[in-house]
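To start, the structure under review is shown below, and the notes come after it.
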Amino acid sequence: MTQEKGSLSINSENIFPIIKKWLYSDQDIFIRELISNGVDAIAKLRKLASLGEATVEENPEYRVDVVLNPEDKLITITDNGIGMTDEEVKKYINQIAFSGAAEFMEKYKESSEDPIIGHFGLGFYSAFMVSTLVEIDTLSHQQGATPVHWSCDGGSEYSMEEGTRAERGTTITLHVNEDGEKYLNTWEMRTIIEKYCSFMPVPIYLTNLEDEKRKAEEAAKKAEEAAKEGKETPPAETVPEEPKPLNEVSPLWLKNPNDCTDDEYKEFYRKVFMDYKEPLFWIHLNMDYPFNLKGILYFPKLGNEFESAEGQVKLYCNQVFVADNVKEIIPEFLLLLKGAIDCPDIPLNVSRSFLQNDKQVQKISEYITRKVADKLKQLYTNERENYEKFWGDIHPFIKYGCLRNEKFLERVQDSIIYKSAVTGAYTTLPDYLEAAKETHENKVFYTTDPRQQAQYIKVIKDQGFDALELTTTIDPPFISMVESKNEGVKFLRVDADLNEILKESDAEEDKKAQEKAEKLFKKALNNDKLKVRVESLKDESISAMIELSEQSRRMQDMMKMYGSMGMMGMPGGEDEILVLNKKNPLVAHLLESKKDDTAALLANQLYDLARLSHRPLEAEELNGFIARSQELMRQLVDKVDDSSK
Ligand SMILES: Nc1ncnc2c1ncn2[C@@H]1O[C@H](COP(=O)(O)OP(=O)(O)OP(=O)(O)O)[C@@H](O)[C@H]1O
């Protein structure tokens with residue numbers, strides 16, 4: 001066979017089914033496409049008028065009208081924009097995928113401030129997803145243009161003749177098919193327009209002829225009744241309301257940040273996200289070069305719900321909604337935020353794989369990350385008081401960001417603060433380490449639960465040290481990361497390595513007491529493996545505590561997280577050390593006591609008390625503790641009774 005070369009031909013017969021089925025997985029977007037075509041047509045006319053290349057009436061009231069006609073199963077989309085001549089219909093509509101928008105943009109590249117939405121030249125054909133027949137009635141703005149009527153039933157044939165349209169602009173009429181019938185419902189259509197077109201730059205009006213007819217009939221009836229009753233002026237409800245556009249033509253993100261007030265930012269947030277909790281703060285993004293990007297990102301109040309919290313960052317392209325939470329553009333950790341980003345450089349109908357490989361998209365994502373980090377730094381430096389107030393809400397997000405994104409970490413690491421469990425004030429890691437230099441160099445004490453670990457915090461406080469609150473689930477991985485970035489620094493939970501904190505105890509004297517205590521407790525608790533240590537704590541009220549090395553505890557926490565605790569036996573286990581305070585009168589008594597039965601009871605009770613201030617007791621342990629408490633009280637009562645006899 002001889003070699004043959006040629007170009008593959010695509011014709012409408014084979015491309016139509018593809019457009020209908022695959023191009024737009026979401027049928028709703030035909031509304032977005034047709035409305036944006038109308039908006040584009042108006043943007044083009046505005047542009048030409050501003051260049052003196054088109055004549056328009058004074059103060060033109062540009063608008064796009066969507067009209068539903070359920071009775072005849074029609075939807076019309078009308079604009080009073082540039083319109084099309086028959087040549088233009090042939091060129092832009094009959095030749096699928098020849099985008100007039102792209103051509104227009106190319107021609108007016110230098111002078112185009114009014115954004116043009118279309119890129120591909122396929123949007124119009126999305127109408128066939130929901131229609132059996134589509135008609136175009138258009139009249140070009142050009143002097144002496146003849147109106148054009150075009151129609152096509154979704155096959156490969158179209159018909160085109162002179163039309164009757166008398167006003168400049170275009171009306172697209174959809175004869176809806178079964179799939180399209182749902183769009184004849186006002187609520188349905190309004191929801192979709194609000195989703196995609198809320199911020200398009202031309203007012204969009206929605207009318208349902210059936211609703212209008214009903215309203216007119218009701219009004220006429222009321223007027224008639226009023227007339228019968230002899231009233232001269234018709235009642236107020238018979239006067240039709242002024243129709244309002246569904247969209248906001250100039251969204252806040254387009255305004256200069258210097259001209260926006262706090263109230264405007266809050267109002268925008270409330271309206272767009274239906275969130276009545278005020279945002280903590282926001283960042284107004286405004287970038288012209290090397291890419292175009294505008295937007296506002298809000299930090300919502302997250303608190304400890306950050307795991308279940310779902311943010312919402314809406315992506316727009318020239319004020320047309322594209323999608324929510326596009327991970328390729330907005331780094332994943334920023335998806336906890338709420339906001340709107342308008343990026344004209346990103347085409348409307350793009351595939352994920354395109355975005356993943358696009359260098360521009362990566363740059364946008366980096367820019368957003370940098371802006372967020374800068375804002376945090378700025379708050380840390382200039383508004384420290386506010387920053388500390390927000391910290392409780394934003395820290396999980398910041399820590400998550402640090403774990404996910406190295407660049408973000410680099411930028412914000414100096415703005416990370418820690419709350420002291422001792423004073424309640426905030427400190428930074430360098431400040432903590434500096435204060436700890438003499439007494440516990442490079443060791444950072446922290447608590448995961450200030451209430452549960454109150455006794456330990458007290459011991460730390462008595463020593464004149466500080467402990468930091470690191471109480472959320474993001475903290476353990478965050479701690480590991482900080483340790484890995486700061487060589488030598490070790491985080492120790494307040495119940496780990498108590499002997500580190502209590503270095504100054506008298507070792508010789510404690511040793512004797514220790515031997516005795518060990519013997520006594522091992523026997524009383526019937527546990528040969530029990531480890532006991534006697535210390536002299538400053539606070540006499542503390543009798544006993546459990547110490548568990550940081551490493552063992554982290555292991556346990558990890559296993560708990562993966563649900564494999566059952567295999568490893570009881571929490572605590574063999575790594576626990578029972579620390580007794582010999583300054584405590586009860587412990588002192590016990591260490592000197594000769595009476596064995598009370599000693600066993602006391603030892604068990606003290607052990608449980610120590611466990612209690614370490615972790616909640618297991619069911620069986622709790623039962624034992626309650627029974628023993630009652631027994632102790634009974635003995636006390638017996639004693640009182642005896643002495644009063
Ligand atoms: N309402 C309209 N008024 C004037 N011209 C229109 C109108 N609708 C469509 N056109 C012309 O038809 C062309 C093709 O429209 P179509 O929606 O198919 O593609 P597009 O808007 O250019 O790109 P995209 O596929 O991204 O929507 C447009 O570029 C425009 O020149």
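In the structure tokens, chains take the letters A, B, ... in the order shown, each chain's residues start at 1, and ligands count up from 1 in the order shown.
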Close residues, A:Leu209 itself excluded, 12 Å, only C-alpha atoms, min 3 positions apart in chain, as a PDB file with C-alpha atoms, in the first residue's frame:
```pdb
ATOM      1  CA  VAL A  66     -33.715  34.785  30.989  1.00  0.00           C
ATOM      2  CA  VAL A  67     -37.373  34.067  30.352  1.00  0.00           C
ATOM      3  CA  LEU A  68     -39.113  30.799  31.153  1.00  0.00           C
ATOM      4  CA  ASN A  69     -42.213  29.803  29.279  1.00  0.00           C
ATOM      5  CA  PRO A  70     -43.413  26.533  30.821  1.00  0.00           C
ATOM      6  CA  GLU A  71     -46.572  26.473  28.729  1.00  0.00           C
ATOM      7  CA  ASP A  72     -44.706  26.300  25.415  1.00  0.00           C
ATOM      8  CA  LYS A  73     -41.632  24.625  26.929  1.00  0.00           C
ATOM      9  CA  LEU A  74     -39.372  27.454  25.911  1.00  0.00           C
ATOM     10  CA  ILE A  75     -36.420  29.156  27.527  1.00  0.00           C
ATOM     11  CA  THR A  76     -35.095  32.354  26.006  1.00  0.00           C
ATOM     12  CA  LEU A 184     -38.593  25.663  33.346  1.00  0.00           C
ATOM     13  CA  ASN A 185     -38.971  25.816  37.090  1.00  0.00           C
ATOM     14  CA  THR A 186     -38.190  29.277  38.476  1.00  0.00           C
ATOM     15  CA  LEU A 206     -35.185  36.045  35.427  1.00  0.00           C
ATOM     16  CA  GLU A 212     -46.278  36.685  35.628  1.00  0.00           C
ATOM     17  CA  LYS A 213     -49.587  35.646  34.158  1.00  0.00           C
ATOM     18  CA  ARG A 214     -50.793  34.360  37.515  1.00  0.00           C
ATOM     19  CA  LYS A 215     -49.666  37.527  39.276  1.00  0.00           C
ATOM     20  CA  ALA A 216     -51.373  39.691  36.668  1.00  0.00           C
TER      21      ALA A 216
END
```
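With only C-alpha atoms taken into account, the protein and nucleic acid residues at most 9 Å from A:Ser549 (excluding it and anything under 6 positions from it in its own chain) are Leu492, Arg493, Asp495, Ala496, Asp497, Leu498, Asp575, Glu576 and Ile577 of chain A.
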As an MDAnalysis selection string, please: all residues of stretch 461-572 of chain A that backbone DSSP puts in strand (DSSP E). chainID A and resid 468:469 490:493 531:535 544:547
List the spatial neighbours of stretch 309-321 of chain A as number ranges by chain - criterion: any atom at most 9 Å away, only C-alpha atoms, same-chain residues fewer than 3 positions off excluded. A: 32, 36, 115-117, 195-201, 249-251, 273, 297, 300, 302, 305-306, 324-326, 329-330, 334-348
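Relative to atom CA of A:Arg63, atom 5 (N, counted along the ligand's line) of ligand 1 is found at 14.4 Å.
Between A:Val482 and the candidates A:Lys437, A:Arg451, A:Lys399, A:His614, the tightest atom-to-atom separation, counting only C-alpha atoms, involves A:Lys399.
Backbone DSSP assigns alpha helix (DSSP H) in stretch 27-60 of chain A to Ile29, Phe30, Ile31, Arg32, Glu33, Leu34, Ile35, Ser36, Asn37, Gly38, Val39, Asp40, Ala41, Ile42, Ala43, Lys44, Leu45, Arg46, Lys47, Leu48, Ala49 and Ser50 of chain A.
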Go ahead and save the residues from that selection, with C-alpha atoms, as a PDB file, in the first residue's frame.
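Written output follows (again-v3.pdb):
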```pdb
ATOM      1  CA  ILE A  29     -23.699  24.694  32.599  1.00  0.00           C
ATOM      2  CA  PHE A  30     -25.618  25.403  29.379  1.00  0.00           C
ATOM      3  CA  ILE A  31     -27.096  28.296  31.365  1.00  0.00           C
ATOM      4  CA  ARG A  32     -23.666  29.546  32.297  1.00  0.00           C
ATOM      5  CA  GLU A  33     -22.549  29.271  28.672  1.00  0.00           C
ATOM      6  CA  LEU A  34     -25.504  31.092  27.138  1.00  0.00           C
ATOM      7  CA  ILE A  35     -25.605  33.806  29.754  1.00  0.00           C
ATOM      8  CA  SER A  36     -21.862  34.347  29.424  1.00  0.00           C
ATOM      9  CA  ASN A  37     -22.258  34.633  25.666  1.00  0.00           C
ATOM     10  CA  GLY A  38     -24.781  37.406  26.282  1.00  0.00           C
ATOM     11  CA  VAL A  39     -22.457  39.060  28.792  1.00  0.00           C
ATOM     12  CA  ASP A  40     -19.587  38.746  26.305  1.00  0.00           C
ATOM     13  CA  ALA A  41     -21.711  40.284  23.562  1.00  0.00           C
ATOM     14  CA  ILE A  42     -22.329  43.270  25.829  1.00  0.00           C
ATOM     15  CA  ALA A  43     -18.661  43.507  26.827  1.00  0.00           C
ATOM     16  CA  LYS A  44     -17.714  43.571  23.145  1.00  0.00           C
ATOM     17  CA  LEU A  45     -20.211  46.299  22.364  1.00  0.00           C
ATOM     18  CA  ARG A  46     -19.022  48.368  25.317  1.00  0.00           C
ATOM     19  CA  LYS A  47     -15.498  47.974  24.073  1.00  0.00           C
ATOM     20  CA  LEU A  48     -16.328  49.040  20.531  1.00  0.00           C
ATOM     21  CA  ALA A  49     -18.407  51.935  21.796  1.00  0.00           C
ATOM     22  CA  SER A  50     -15.554  53.113  23.993  1.00  0.00           C
TER      23      SER A  50
END
```
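Atom CA of A:Val202 is found 29.6 Å from atom CA of A:Glu161.
Residues surrounding A:Asn604 within 9 Å are Phe521, Ala524, Leu525, Phe625 and Arg628 of chain A [only C-alpha atoms; sequence separation below 6 positions excluded].
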Applying 12 Å and only C-alpha atoms, which residues near A:Ala145 remain after dropping the ones on its own chain fewer than 4 positions away? List them as number ranges by chain. A: 82-88, 138-141, 162-169
Quote the spacing between atom CA of A:Ala619 and atom CA of A:Arg554 in Å to one decimal place. 23.6 Å
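Residues in contact with A:Glu388 at up to 10 Å, not including ones fewer than 2 positions away on its chain and judged by only C-alpha atoms, are A:Leu379, A:Tyr380, A:Glu383, A:Arg384, A:Glu385, A:Asn386, A:Phe390, A:Trp391, A:Gly392, A:Asp393, A:Ile394, A:His395, A:Ile417, A:Tyr418, A:Lys419, A:Ala425, A:Tyr426, A:Thr427.
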Give me a file of those residues, with N, CA and C atoms, as an mmCIF file, in the first residue's frame.
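Here's the written file again.cif:
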```cif
data_model
loop_
_atom_site.group_PDB
_atom_site.id
_atom_site.type_symbol
_atom_site.label_atom_id
_atom_site.label_comp_id
_atom_site.auth_asym_id
_atom_site.auth_seq_id
_atom_site.Cartn_x
_atom_site.Cartn_y
_atom_site.Cartn_z
ATOM 1 N N LEU A 379 0.206 40.046 60.843
ATOM 2 C CA LEU A 379 -0.619 40.094 62.050
ATOM 3 C C LEU A 379 0.244 39.831 63.283
ATOM 4 N N TYR A 380 1.160 38.881 63.148
ATOM 5 C CA TYR A 380 2.031 38.525 64.268
ATOM 6 C C TYR A 380 2.876 39.734 64.684
ATOM 7 N N GLU A 383 -0.010 43.207 64.873
ATOM 8 C CA GLU A 383 -1.254 43.145 65.652
ATOM 9 C C GLU A 383 -1.201 41.944 66.585
ATOM 10 N N ARG A 384 -0.175 41.915 67.391
ATOM 11 C CA ARG A 384 0.078 40.735 68.209
ATOM 12 C C ARG A 384 -1.124 40.387 69.096
ATOM 13 N N GLU A 385 -1.744 41.422 69.657
ATOM 14 C CA GLU A 385 -2.858 41.158 70.570
ATOM 15 C C GLU A 385 -3.997 40.429 69.860
ATOM 16 N N ASN A 386 -4.332 40.930 68.675
ATOM 17 C CA ASN A 386 -5.387 40.297 67.876
ATOM 18 C C ASN A 386 -4.991 38.890 67.466
ATOM 19 N N PHE A 390 -6.882 35.333 67.924
ATOM 20 C CA PHE A 390 -7.286 34.425 66.839
ATOM 21 C C PHE A 390 -6.642 33.053 66.974
ATOM 22 N N TRP A 391 -5.515 33.035 67.676
ATOM 23 C CA TRP A 391 -4.658 31.850 67.619
ATOM 24 C C TRP A 391 -5.436 30.550 67.887
ATOM 25 N N GLY A 392 -6.287 30.584 68.893
ATOM 26 C CA GLY A 392 -7.064 29.397 69.249
ATOM 27 C C GLY A 392 -7.842 28.861 68.057
ATOM 28 N N ASP A 393 -8.268 29.741 67.194
ATOM 29 C CA ASP A 393 -9.037 29.315 66.029
ATOM 30 C C ASP A 393 -8.179 28.936 64.839
ATOM 31 N N ILE A 394 -7.063 29.627 64.698
ATOM 32 C CA ILE A 394 -6.313 29.411 63.454
ATOM 33 C C ILE A 394 -5.148 28.443 63.581
ATOM 34 N N HIS A 395 -4.742 28.135 64.832
ATOM 35 C CA HIS A 395 -3.499 27.364 64.928
ATOM 36 C C HIS A 395 -3.582 25.979 64.296
ATOM 37 N N ILE A 417 3.048 30.646 67.797
ATOM 38 C CA ILE A 417 3.098 30.936 69.234
ATOM 39 C C ILE A 417 2.483 29.782 70.023
ATOM 40 N N TYR A 418 2.822 29.731 71.293
ATOM 41 C CA TYR A 418 2.370 28.650 72.161
ATOM 42 C C TYR A 418 1.774 29.256 73.431
ATOM 43 N N LYS A 419 0.684 28.667 73.857
ATOM 44 C CA LYS A 419 0.070 29.174 75.083
ATOM 45 C C LYS A 419 0.661 28.448 76.287
ATOM 46 N N ALA A 425 -0.260 33.001 79.223
ATOM 47 C CA ALA A 425 0.280 33.939 78.229
ATOM 48 C C ALA A 425 0.870 33.178 77.041
ATOM 49 N N TYR A 426 1.132 33.906 75.966
ATOM 50 C CA TYR A 426 1.702 33.264 74.782
ATOM 51 C C TYR A 426 3.208 33.472 74.707
ATOM 52 N N THR A 427 3.878 32.489 74.185
ATOM 53 C CA THR A 427 5.320 32.604 74.025
ATOM 54 C C THR A 427 5.714 31.980 72.684
#
```
